[in-house]
$ cat input_21.cif   # mmCIF, N, CA and C atoms
data_start
#
loop_
_atom_site.label_atom_id
_atom_site.label_comp_id
_atom_site.auth_asym_id
_atom_site.auth_seq_id
_atom_site.Cartn_x
_atom_site.Cartn_y
_atom_site.Cartn_z
N MET G 1 32.86 -64.49 -15.18
CA MET G 1 33.89 -65.39 -14.71
C MET G 1 34.22 -66.48 -15.73
N PHE G 2 33.20 -67.19 -16.24
CA PHE G 2 33.42 -68.27 -17.19
C PHE G 2 32.86 -67.86 -18.54
N ASN G 3 33.42 -68.42 -19.60
CA ASN G 3 32.92 -68.06 -20.92
C ASN G 3 32.62 -69.25 -21.83
N ALA G 4 32.75 -70.48 -21.30
CA ALA G 4 32.44 -71.65 -22.13
C ALA G 4 32.37 -72.92 -21.28
N ILE G 5 31.65 -73.89 -21.76
CA ILE G 5 31.71 -75.25 -21.25
C ILE G 5 32.46 -76.03 -22.31
N THR G 6 33.57 -76.65 -21.93
CA THR G 6 34.38 -77.36 -22.92
C THR G 6 34.17 -78.86 -22.92
N HIS G 7 33.86 -79.43 -21.75
CA HIS G 7 33.70 -80.88 -21.65
C HIS G 7 32.52 -81.23 -20.76
N SER G 8 31.80 -82.25 -21.18
CA SER G 8 30.79 -82.89 -20.35
C SER G 8 31.14 -84.36 -20.35
N GLN G 9 30.50 -85.13 -19.48
CA GLN G 9 30.85 -86.54 -19.36
C GLN G 9 29.60 -87.38 -19.19
N ILE G 10 29.58 -88.55 -19.82
CA ILE G 10 28.59 -89.57 -19.54
C ILE G 10 29.33 -90.89 -19.38
N TYR G 11 28.72 -91.79 -18.62
CA TYR G 11 29.32 -93.11 -18.46
C TYR G 11 28.84 -94.06 -19.55
N VAL G 12 29.76 -94.84 -20.06
CA VAL G 12 29.47 -95.90 -21.02
C VAL G 12 30.12 -97.17 -20.49
N LEU G 13 29.57 -98.30 -20.88
CA LEU G 13 30.09 -99.56 -20.35
C LEU G 13 31.18 -100.17 -21.22
N ASP G 14 31.23 -99.78 -22.49
CA ASP G 14 32.23 -100.29 -23.42
C ASP G 14 32.58 -99.14 -24.37
N GLN G 15 33.80 -98.67 -24.30
CA GLN G 15 34.17 -97.49 -25.09
C GLN G 15 34.23 -97.77 -26.59
N ASP G 16 34.58 -98.99 -26.99
CA ASP G 16 34.57 -99.29 -28.42
C ASP G 16 33.14 -99.32 -28.96
N GLU G 17 32.23 -99.90 -28.20
CA GLU G 17 30.82 -99.91 -28.59
C GLU G 17 30.26 -98.48 -28.61
N ALA G 18 30.69 -97.67 -27.63
CA ALA G 18 30.26 -96.27 -27.59
C ALA G 18 30.77 -95.52 -28.82
N LEU G 19 31.99 -95.77 -29.22
CA LEU G 19 32.56 -95.16 -30.40
C LEU G 19 31.75 -95.53 -31.64
N ASP G 20 31.39 -96.79 -31.75
CA ASP G 20 30.59 -97.24 -32.89
C ASP G 20 29.23 -96.54 -32.90
N PHE G 21 28.61 -96.38 -31.74
CA PHE G 21 27.30 -95.74 -31.67
C PHE G 21 27.38 -94.24 -31.92
N TYR G 22 28.21 -93.54 -31.16
CA TYR G 22 28.24 -92.08 -31.23
C TYR G 22 28.86 -91.55 -32.53
N VAL G 23 29.86 -92.25 -33.04
CA VAL G 23 30.49 -91.83 -34.30
C VAL G 23 29.85 -92.55 -35.49
N GLY G 24 29.75 -93.87 -35.41
CA GLY G 24 29.25 -94.65 -36.52
C GLY G 24 27.78 -94.45 -36.83
N LYS G 25 26.96 -94.24 -35.80
CA LYS G 25 25.52 -94.09 -36.03
C LYS G 25 25.06 -92.64 -35.90
N LEU G 26 25.45 -91.97 -34.82
CA LEU G 26 24.97 -90.60 -34.62
C LEU G 26 25.74 -89.57 -35.45
N GLY G 27 26.91 -89.95 -35.95
CA GLY G 27 27.66 -89.04 -36.82
C GLY G 27 28.52 -88.02 -36.10
N LEU G 28 28.74 -88.21 -34.80
CA LEU G 28 29.68 -87.33 -34.10
C LEU G 28 31.09 -87.70 -34.54
N GLU G 29 32.06 -86.88 -34.15
CA GLU G 29 33.44 -87.20 -34.53
C GLU G 29 34.31 -87.33 -33.29
N VAL G 30 35.37 -88.10 -33.43
CA VAL G 30 36.30 -88.30 -32.32
C VAL G 30 37.07 -87.00 -32.11
N ALA G 31 36.99 -86.48 -30.90
CA ALA G 31 37.74 -85.27 -30.55
C ALA G 31 39.06 -85.65 -29.86
N ALA G 32 39.04 -86.77 -29.15
CA ALA G 32 40.25 -87.25 -28.47
C ALA G 32 40.09 -88.74 -28.19
N ASP G 33 41.14 -89.48 -28.38
CA ASP G 33 41.18 -90.89 -28.03
C ASP G 33 42.61 -91.17 -27.57
N VAL G 34 42.81 -91.06 -26.26
CA VAL G 34 44.15 -91.10 -25.70
C VAL G 34 44.22 -92.13 -24.57
N ASN G 35 45.20 -93.02 -24.64
CA ASN G 35 45.44 -93.96 -23.56
C ASN G 35 46.32 -93.25 -22.53
N LEU G 36 45.75 -92.96 -21.37
CA LEU G 36 46.50 -92.27 -20.32
C LEU G 36 47.19 -93.25 -19.38
N GLY G 37 47.10 -94.54 -19.68
CA GLY G 37 47.68 -95.55 -18.81
C GLY G 37 46.69 -96.01 -17.76
N PHE G 38 46.17 -95.10 -16.98
CA PHE G 38 45.20 -95.43 -15.94
C PHE G 38 43.77 -95.37 -16.45
N MET G 39 43.56 -94.82 -17.65
CA MET G 39 42.24 -94.77 -18.28
C MET G 39 42.37 -94.36 -19.74
N ARG G 40 41.33 -94.60 -20.48
CA ARG G 40 41.25 -94.16 -21.88
C ARG G 40 40.39 -92.90 -21.90
N TRP G 41 40.96 -91.81 -22.40
CA TRP G 41 40.24 -90.54 -22.54
C TRP G 41 39.64 -90.52 -23.94
N LEU G 42 38.35 -90.85 -24.02
CA LEU G 42 37.65 -90.92 -25.30
C LEU G 42 36.57 -89.85 -25.30
N ALA G 43 36.72 -88.88 -26.18
CA ALA G 43 35.76 -87.78 -26.25
C ALA G 43 35.29 -87.60 -27.69
N VAL G 44 34.02 -87.24 -27.84
CA VAL G 44 33.43 -86.99 -29.15
C VAL G 44 32.85 -85.58 -29.16
N SER G 45 32.60 -85.09 -30.37
CA SER G 45 32.00 -83.76 -30.51
C SER G 45 31.17 -83.73 -31.78
N VAL G 46 30.31 -82.73 -31.87
CA VAL G 46 29.57 -82.49 -33.09
C VAL G 46 30.58 -82.07 -34.16
N PRO G 47 30.49 -82.59 -35.37
CA PRO G 47 31.45 -82.21 -36.41
C PRO G 47 31.59 -80.70 -36.54
N GLY G 48 32.85 -80.26 -36.56
CA GLY G 48 33.14 -78.84 -36.69
C GLY G 48 33.11 -78.06 -35.38
N HIS G 49 32.84 -78.75 -34.26
CA HIS G 49 32.78 -78.07 -32.96
C HIS G 49 33.60 -78.81 -31.91
N PRO G 50 34.92 -78.92 -32.11
CA PRO G 50 35.76 -79.64 -31.15
C PRO G 50 35.91 -78.91 -29.82
N GLU G 51 35.43 -77.68 -29.75
CA GLU G 51 35.54 -76.91 -28.51
C GLU G 51 34.55 -77.38 -27.44
N ARG G 52 33.60 -78.24 -27.82
CA ARG G 52 32.59 -78.75 -26.88
C ARG G 52 32.58 -80.26 -26.99
N GLN G 53 33.22 -80.93 -26.01
CA GLN G 53 33.43 -82.37 -26.10
C GLN G 53 32.62 -83.13 -25.05
N ILE G 54 32.25 -84.36 -25.40
CA ILE G 54 31.57 -85.27 -24.49
C ILE G 54 32.53 -86.41 -24.19
N LEU G 55 32.94 -86.52 -22.95
CA LEU G 55 33.81 -87.62 -22.53
C LEU G 55 32.96 -88.86 -22.34
N LEU G 56 33.32 -89.94 -23.03
CA LEU G 56 32.64 -91.22 -22.91
C LEU G 56 33.46 -92.06 -21.94
N GLU G 57 33.15 -91.95 -20.67
CA GLU G 57 33.98 -92.51 -19.61
C GLU G 57 33.47 -93.86 -19.14
N LYS G 58 34.38 -94.80 -19.01
CA LYS G 58 34.06 -96.12 -18.48
C LYS G 58 34.19 -96.05 -16.95
N PRO G 59 33.15 -96.43 -16.20
CA PRO G 59 33.24 -96.37 -14.74
C PRO G 59 34.36 -97.27 -14.22
N GLY G 60 35.15 -96.74 -13.34
CA GLY G 60 36.24 -97.52 -12.74
C GLY G 60 37.35 -96.63 -12.24
N ALA G 61 38.46 -97.29 -11.95
CA ALA G 61 39.64 -96.59 -11.45
C ALA G 61 40.14 -95.61 -12.51
N PRO G 62 40.73 -94.51 -12.15
CA PRO G 62 41.08 -94.13 -10.79
C PRO G 62 39.98 -93.34 -10.06
N ALA G 63 38.88 -93.06 -10.73
CA ALA G 63 37.86 -92.20 -10.14
C ALA G 63 37.06 -92.89 -9.04
N MET G 64 36.97 -94.23 -9.08
CA MET G 64 36.13 -94.92 -8.10
C MET G 64 36.62 -96.34 -7.89
N SER G 65 36.21 -96.91 -6.76
CA SER G 65 36.56 -98.30 -6.46
C SER G 65 35.78 -99.23 -7.38
N GLU G 66 36.19 -100.50 -7.45
CA GLU G 66 35.48 -101.48 -8.28
C GLU G 66 34.06 -101.69 -7.77
N GLU G 67 33.87 -101.65 -6.47
CA GLU G 67 32.52 -101.81 -5.90
C GLU G 67 31.61 -100.67 -6.35
N THR G 68 32.10 -99.46 -6.28
CA THR G 68 31.32 -98.30 -6.72
C THR G 68 31.10 -98.35 -8.23
N ALA G 69 32.13 -98.74 -8.98
CA ALA G 69 32.01 -98.83 -10.43
C ALA G 69 30.91 -99.82 -10.82
N GLU G 70 30.79 -100.93 -10.11
CA GLU G 70 29.74 -101.91 -10.38
C GLU G 70 28.36 -101.30 -10.14
N GLN G 71 28.23 -100.51 -9.08
CA GLN G 71 26.96 -99.83 -8.79
C GLN G 71 26.63 -98.82 -9.89
N VAL G 72 27.64 -98.08 -10.34
CA VAL G 72 27.44 -97.09 -11.41
C VAL G 72 27.03 -97.80 -12.70
N ARG G 73 27.69 -98.90 -13.03
CA ARG G 73 27.34 -99.65 -14.23
C ARG G 73 25.88 -100.11 -14.19
N ASP G 74 25.44 -100.56 -13.03
CA ASP G 74 24.06 -101.00 -12.86
C ASP G 74 23.09 -99.83 -13.08
N LEU G 75 23.42 -98.66 -12.52
CA LEU G 75 22.56 -97.48 -12.69
C LEU G 75 22.54 -96.98 -14.13
N VAL G 76 23.69 -97.03 -14.80
CA VAL G 76 23.74 -96.63 -16.21
C VAL G 76 22.81 -97.52 -17.02
N THR G 77 22.90 -98.82 -16.81
CA THR G 77 22.08 -99.78 -17.55
C THR G 77 20.59 -99.52 -17.34
N LYS G 78 20.22 -99.08 -16.15
CA LYS G 78 18.81 -98.78 -15.86
C LYS G 78 18.38 -97.42 -16.41
N GLY G 79 19.34 -96.63 -16.88
CA GLY G 79 19.02 -95.32 -17.44
C GLY G 79 18.70 -94.28 -16.39
N VAL G 80 19.24 -94.43 -15.20
CA VAL G 80 18.91 -93.50 -14.11
C VAL G 80 20.11 -92.73 -13.56
N MET G 81 21.14 -92.57 -14.36
CA MET G 81 22.31 -91.82 -13.88
C MET G 81 22.05 -90.32 -13.85
N GLY G 82 21.00 -89.86 -14.49
CA GLY G 82 20.67 -88.44 -14.41
C GLY G 82 21.26 -87.60 -15.52
N GLY G 83 22.22 -88.13 -16.27
CA GLY G 83 22.81 -87.36 -17.36
C GLY G 83 22.04 -87.54 -18.65
N TRP G 84 22.04 -86.53 -19.47
CA TRP G 84 21.42 -86.59 -20.78
C TRP G 84 22.33 -85.89 -21.77
N LEU G 85 22.03 -86.14 -23.02
CA LEU G 85 22.58 -85.33 -24.09
C LEU G 85 21.40 -84.80 -24.87
N ILE G 86 21.44 -83.54 -25.23
CA ILE G 86 20.43 -82.95 -26.10
C ILE G 86 21.17 -82.32 -27.27
N LEU G 87 20.90 -82.83 -28.46
CA LEU G 87 21.54 -82.37 -29.68
C LEU G 87 20.51 -81.64 -30.53
N THR G 88 20.97 -80.83 -31.46
CA THR G 88 20.04 -80.17 -32.38
C THR G 88 20.28 -80.68 -33.79
N THR G 89 19.25 -80.57 -34.60
CA THR G 89 19.29 -81.00 -35.99
C THR G 89 18.39 -80.07 -36.81
N PRO G 90 18.72 -79.84 -38.06
CA PRO G 90 17.85 -78.99 -38.88
C PRO G 90 16.55 -79.69 -39.30
N ASP G 91 16.52 -81.05 -39.23
CA ASP G 91 15.33 -81.79 -39.65
C ASP G 91 15.17 -83.01 -38.74
N CYS G 92 14.37 -82.86 -37.70
CA CYS G 92 14.20 -83.91 -36.71
C CYS G 92 13.63 -85.19 -37.32
N ARG G 93 12.61 -85.05 -38.13
CA ARG G 93 11.96 -86.23 -38.70
C ARG G 93 12.90 -87.00 -39.65
N LYS G 94 13.65 -86.29 -40.46
CA LYS G 94 14.60 -86.94 -41.37
C LYS G 94 15.70 -87.64 -40.57
N THR G 95 16.23 -86.98 -39.54
CA THR G 95 17.26 -87.58 -38.70
C THR G 95 16.72 -88.83 -38.01
N TYR G 96 15.49 -88.75 -37.53
CA TYR G 96 14.83 -89.90 -36.89
C TYR G 96 14.77 -91.08 -37.88
N GLU G 97 14.30 -90.84 -39.09
CA GLU G 97 14.17 -91.91 -40.08
C GLU G 97 15.53 -92.51 -40.43
N THR G 98 16.55 -91.66 -40.56
CA THR G 98 17.90 -92.14 -40.87
C THR G 98 18.42 -93.04 -39.76
N LEU G 99 18.26 -92.60 -38.51
CA LEU G 99 18.76 -93.39 -37.38
C LEU G 99 17.94 -94.66 -37.16
N LEU G 100 16.65 -94.57 -37.36
CA LEU G 100 15.78 -95.74 -37.24
C LEU G 100 16.22 -96.82 -38.23
N ALA G 101 16.55 -96.41 -39.45
CA ALA G 101 17.01 -97.35 -40.48
C ALA G 101 18.34 -98.00 -40.10
N GLN G 102 19.12 -97.33 -39.25
CA GLN G 102 20.40 -97.87 -38.79
C GLN G 102 20.25 -98.74 -37.55
N GLY G 103 19.01 -98.91 -37.08
CA GLY G 103 18.77 -99.77 -35.94
C GLY G 103 18.82 -99.08 -34.59
N VAL G 104 18.84 -97.75 -34.58
CA VAL G 104 18.83 -97.03 -33.30
C VAL G 104 17.46 -97.22 -32.67
N GLU G 105 17.46 -97.51 -31.37
CA GLU G 105 16.22 -97.75 -30.64
C GLU G 105 15.72 -96.45 -30.01
N PHE G 106 14.51 -96.07 -30.34
CA PHE G 106 13.94 -94.82 -29.85
C PHE G 106 12.99 -95.05 -28.69
N THR G 107 12.93 -94.08 -27.80
CA THR G 107 11.99 -94.10 -26.69
C THR G 107 10.80 -93.20 -26.96
N GLU G 108 10.95 -92.32 -27.95
CA GLU G 108 9.86 -91.39 -28.30
C GLU G 108 10.04 -90.93 -29.74
N GLU G 109 8.98 -90.98 -30.51
CA GLU G 109 9.00 -90.52 -31.90
C GLU G 109 9.02 -89.00 -31.94
N PRO G 110 9.38 -88.40 -33.10
CA PRO G 110 9.36 -86.94 -33.21
C PRO G 110 7.98 -86.39 -32.83
N THR G 111 8.01 -85.36 -31.99
CA THR G 111 6.79 -84.77 -31.45
C THR G 111 6.90 -83.25 -31.49
N GLU G 112 5.83 -82.60 -31.90
CA GLU G 112 5.77 -81.13 -31.90
C GLU G 112 5.74 -80.64 -30.45
N ARG G 113 6.59 -79.68 -30.14
CA ARG G 113 6.67 -79.07 -28.81
C ARG G 113 6.65 -77.55 -29.00
N PRO G 114 6.42 -76.80 -27.93
CA PRO G 114 6.44 -75.34 -28.06
C PRO G 114 7.80 -74.80 -28.55
N TYR G 115 8.87 -75.53 -28.27
CA TYR G 115 10.23 -75.09 -28.64
C TYR G 115 10.70 -75.68 -29.96
N GLY G 116 9.92 -76.57 -30.57
CA GLY G 116 10.31 -77.20 -31.83
C GLY G 116 9.84 -78.64 -31.90
N ILE G 117 10.52 -79.45 -32.66
CA ILE G 117 10.20 -80.87 -32.79
C ILE G 117 11.35 -81.64 -32.16
N ASP G 118 11.02 -82.60 -31.30
CA ASP G 118 12.10 -83.41 -30.74
C ASP G 118 11.66 -84.84 -30.53
N CYS G 119 12.64 -85.69 -30.25
CA CYS G 119 12.37 -87.10 -29.99
C CYS G 119 13.43 -87.63 -29.03
N GLY G 120 13.23 -88.85 -28.55
CA GLY G 120 14.14 -89.41 -27.56
C GLY G 120 14.62 -90.80 -27.92
N LEU G 121 15.81 -91.12 -27.48
CA LEU G 121 16.40 -92.44 -27.66
C LEU G 121 17.34 -92.71 -26.50
N ARG G 122 17.84 -93.92 -26.46
CA ARG G 122 18.86 -94.28 -25.49
C ARG G 122 20.03 -94.88 -26.24
N ASP G 123 21.22 -94.64 -25.70
CA ASP G 123 22.39 -95.28 -26.30
C ASP G 123 22.41 -96.75 -25.88
N PRO G 124 23.35 -97.55 -26.35
CA PRO G 124 23.36 -98.98 -26.02
C PRO G 124 23.51 -99.27 -24.53
N PHE G 125 23.83 -98.26 -23.73
CA PHE G 125 24.09 -98.47 -22.31
C PHE G 125 22.94 -97.98 -21.42
N GLY G 126 22.00 -97.25 -22.00
CA GLY G 126 20.88 -96.73 -21.22
C GLY G 126 20.87 -95.23 -21.05
N ASN G 127 21.92 -94.53 -21.51
CA ASN G 127 21.95 -93.07 -21.40
C ASN G 127 20.87 -92.45 -22.28
N ARG G 128 20.21 -91.44 -21.74
CA ARG G 128 19.13 -90.77 -22.47
C ARG G 128 19.68 -89.70 -23.40
N ILE G 129 19.17 -89.69 -24.62
CA ILE G 129 19.57 -88.71 -25.62
C ILE G 129 18.30 -88.16 -26.26
N ARG G 130 18.28 -86.87 -26.50
CA ARG G 130 17.20 -86.24 -27.25
C ARG G 130 17.85 -85.43 -28.35
N PHE G 131 17.11 -85.28 -29.46
CA PHE G 131 17.55 -84.29 -30.44
C PHE G 131 16.35 -83.49 -30.86
N THR G 132 16.63 -82.22 -31.13
CA THR G 132 15.59 -81.23 -31.34
C THR G 132 15.82 -80.44 -32.61
N GLN G 133 14.76 -80.18 -33.31
CA GLN G 133 14.75 -79.23 -34.42
C GLN G 133 14.11 -77.98 -33.82
N PRO G 134 14.93 -76.98 -33.47
CA PRO G 134 14.37 -75.79 -32.82
C PRO G 134 13.32 -75.08 -33.68
N ALA G 135 12.33 -74.50 -33.01
CA ALA G 135 11.30 -73.74 -33.72
C ALA G 135 11.96 -72.54 -34.41
N ALA G 136 11.45 -72.21 -35.57
CA ALA G 136 12.01 -71.09 -36.35
C ALA G 136 11.70 -69.76 -35.70
#

$ encode --input "input_21.cif" --output "structure tokens"
Amino acid sequence: MFNAITHSQIYVLDQDEALDFYVGKLGLEVAADVNLGFMRWLAVSVPGHPERQILLEKPGAPAMSEETAEQVRDLVTKGVMGGWLILTTPDCRKTYETLLAQGVEFTEEPTERPYGIDCGLRDPFGNRIRFTQPAA
């Protein structure tokens, strides 16, 4: 029935700050940045893979009331929205050192796992991100 996932979404509290983090620090690229009038459609992707985008959505209208948006913002800040991003890299330890030097805050250092080497961090809003160097 289906043959691809094209878009996923995470909530961010400030789209310009999210752009600086996801593009400026993590090295993703802008796939779309469109003012729709009722919202800003800001999506990023891994370089060279625009077919798989992550929407960096600011909680609010038209999807939810201001009261609900405030609750969502609070949950995002606590890191309990349930969404994650898991990215891959050819060299987990090198990527970790590069991002650490840029001031990225990590929740877990690179660790050997049965599936490869991975580590964890959070974006400036509390969203959980992992990146993995898959086992050969």

$ residues_around --input "input_21.cif" --residues "range 29-40 of chain G" --least-positions-apart "6" --cutoff "6.5 Å" --atoms "all atoms listed in the file" --output "list in words"
Tyr22, Val23, Val46, Pro47, Pro50, Ala61 and Pro62 of chain G

$ resolve_selection --input "input_21.cif" --expression "the PyMOL selection byres ((chain G and resi 87-102) around 8)" --output "list in words"
Lys25, Leu26, Trp84, Leu85, Ile86, Gly103, Val104, Glu105, Phe106, Glu109, Pro110, Thr111, Ile117, Asp118, Cys119, Ile129, Arg130, Phe131, Thr132, Gln133 and Pro134 of chain G

$ resolve_selection --input "input_21.cif" --expression "the PyMOL selection byres ((chain G and resi 10) around 6.5)" --output "PyMOL selection string"
chain G and resi 8-9+11-12+54-58

$ atom_distance --input "input_21.cif" --atom1 "CA of Arg128 in chain G" --atom2 "CA of Asn3 in chain G"
26.6 Å

$ atom_distance --input "input_21.cif" --atom1 "atom C of Pro59 in chain G" --atom2 "atom N of Gly120 in chain G"
26.9 Å

$ resolve_selection --input "input_21.cif" --expression "the PyMOL selection byres ((chain G and resi 126) around 5)" --output "list in words"
Val76, Thr77, Gly79, Arg122, Asp123, Pro124, Phe125, Asn127 and Arg128 of chain G

$ atom_distance --input "input_21.cif" --atom1 "CA of Ser45 in chain G" --atom2 "CA of Val72 in chain G"
23.7 Å

$ closest_residue --input "input_21.cif" --among "G:Ala136, G:Leu13, G:Arg113, G:Met1" --to "Ala69 in chain G" --atoms "only C-alpha atoms"
G:Leu13

$ decode --input "input_21.cif" --residues "range 6-23 of chain G" --atoms "C-alpha atoms" --output "short mmCIF file (atom, residue, chain, number, x, y, z; two decimals), in the first residue's frame"
data_model
loop_
_atom_site.label_atom_id
_atom_site.label_comp_id
_atom_site.auth_asym_id
_atom_site.auth_seq_id
_atom_site.Cartn_x
_atom_site.Cartn_y
_atom_site.Cartn_z
CA THR G 6 8.08 11.59 3.37
CA HIS G 7 7.53 13.79 6.42
CA SER G 8 7.84 13.52 10.17
CA GLN G 9 7.23 16.29 12.67
CA ILE G 10 8.65 17.51 15.97
CA TYR G 11 7.65 20.54 17.98
CA VAL G 12 10.09 23.40 18.47
CA LEU G 13 9.52 26.56 20.46
CA ASP G 14 11.36 28.95 18.14
CA GLN G 15 11.75 28.13 14.46
CA ASP G 16 14.69 30.48 13.89
CA GLU G 17 16.56 28.93 16.81
CA ALA G 18 15.62 25.48 15.47
CA LEU G 19 17.01 26.44 12.07
CA ASP G 20 20.28 27.53 13.67
CA PHE G 21 20.54 24.24 15.59
CA TYR G 22 19.42 21.73 12.95
CA VAL G 23 21.14 23.41 9.99
#
